[in-house]
Amino acid sequence: MATITFNAFSFLQNKLKEKNLPYADVSLSVSEGTTAGDLIHQMQLTQEEVEVVFINGRVQPFETVLKDLDRVAFVPHGTPGPYRVLLGFKNKKHG
């Protein structure tokens, strides 16, 4: 098992709250080999709802395997910001 710190942003917080799922600065245990895409599914979201996944402060593909002590954040589509390209949002969809 690996323990990660998870956050969701913007409307994803509301979606998780409606499902009584944690969404802000929470420790989660995930099985070895769990990918960011697997976590999206486990949190009852779809990959279409999540524009990017940050792992340890960097945009990573959904296929990235999560490791112990990773910090993981989901960002929805349409999140504004002048640094989207610098952060790696552009063309980083699913891998």
# chains A, B, ... in the order shown; residues from 1 in each chain; ligands from 1
$ select_by_dssp --residues "chain A" --states "helix (DSSP H, G or I)" --output "ChimeraX atom specification"
/A:11-18,36-42,84-87
$ write_last_selection --atoms "C-alpha atoms" --output "PDB file, in the first residue's frame"
ATOM      1  CA  PHE A  11     -16.171  22.034  -9.272  1.00  0.00           C
ATOM      2  CA  LEU A  12     -14.531  18.636  -8.687  1.00  0.00           C
ATOM      3  CA  GLN A  13     -14.701  19.414  -4.964  1.00  0.00           C
ATOM      4  CA  ASN A  14     -18.478  19.795  -5.221  1.00  0.00           C
ATOM      5  CA  LYS A  15     -18.822  16.518  -7.131  1.00  0.00           C
ATOM      6  CA  LEU A  16     -16.819  14.635  -4.510  1.00  0.00           C
ATOM      7  CA  LYS A  17     -18.622  16.346  -1.626  1.00  0.00           C
ATOM      8  CA  GLU A  18     -21.994  15.262  -3.082  1.00  0.00           C
ATOM      9  CA  ALA A  36      -3.600   8.506 -11.586  1.00  0.00           C
ATOM     10  CA  GLY A  37      -6.307   7.282 -13.973  1.00  0.00           C
ATOM     11  CA  ASP A  38      -7.216   4.492 -11.555  1.00  0.00           C
ATOM     12  CA  LEU A  39      -7.540   7.080  -8.777  1.00  0.00           C
ATOM     13  CA  ILE A  40      -9.862   9.177 -10.944  1.00  0.00           C
ATOM     14  CA  HIS A  41     -12.093   6.118 -11.309  1.00  0.00           C
ATOM     15  CA  GLN A  42     -11.849   5.255  -7.588  1.00  0.00           C
ATOM     16  CA  ARG A  84      -1.525  27.084 -18.140  1.00  0.00           C
ATOM     17  CA  VAL A  85       1.071  26.394 -20.840  1.00  0.00           C
ATOM     18  CA  LEU A  86       4.005  26.861 -18.448  1.00  0.00           C
ATOM     19  CA  LEU A  87       2.392  24.461 -15.969  1.00  0.00           C
TER      20      LEU A  87
END
$ closest_atom_pairs --of "segment 13-35 of chain A" --to "segment 61-79 of chain A" --cutoff "6 Å" --atoms "only C-alpha atoms" --output "tab-separated table"
residue	atom	partner	partner_atom	distance
A:Gly33	CA	A:Val65	CA	5.7
A:Thr34	CA	A:Val65	CA	5.6
A:Thr35	CA	A:Val65	CA	4.1
$ closest_residue --among "A:Ala2, A:Ser31, A:Asn20, A:Phe9" --to "Phe54 of chain A" --atoms "only C-alpha atoms"
A:Phe9
$ atom_distance --atom1 "atom CA of Met43 of chain A" --atom2 "atom CA of Phe6 of chain A"
10.5 Å
$ atom_distance --atom1 "atom CA of Glu49 of chain A" --atom2 "atom CA of Ser29 of chain A"
22.4 Å
$ atom_distance --atom1 "atom CA of Ile4 of chain A" --atom2 "atom CA of Val26 of chain A"
8.1 Å
$ select_by_dssp --residues "chain A" --states "strand (DSSP E)" --output "ChimeraX atom specification"
/A:2-8,26-30,50-55,58-60,71-76
$ closest_residue --among "A:Ala8, A:Met1, A:Ile55, A:Leu45" --to "Ala24 of chain A" --atoms "only C-alpha atoms"
A:Ala8
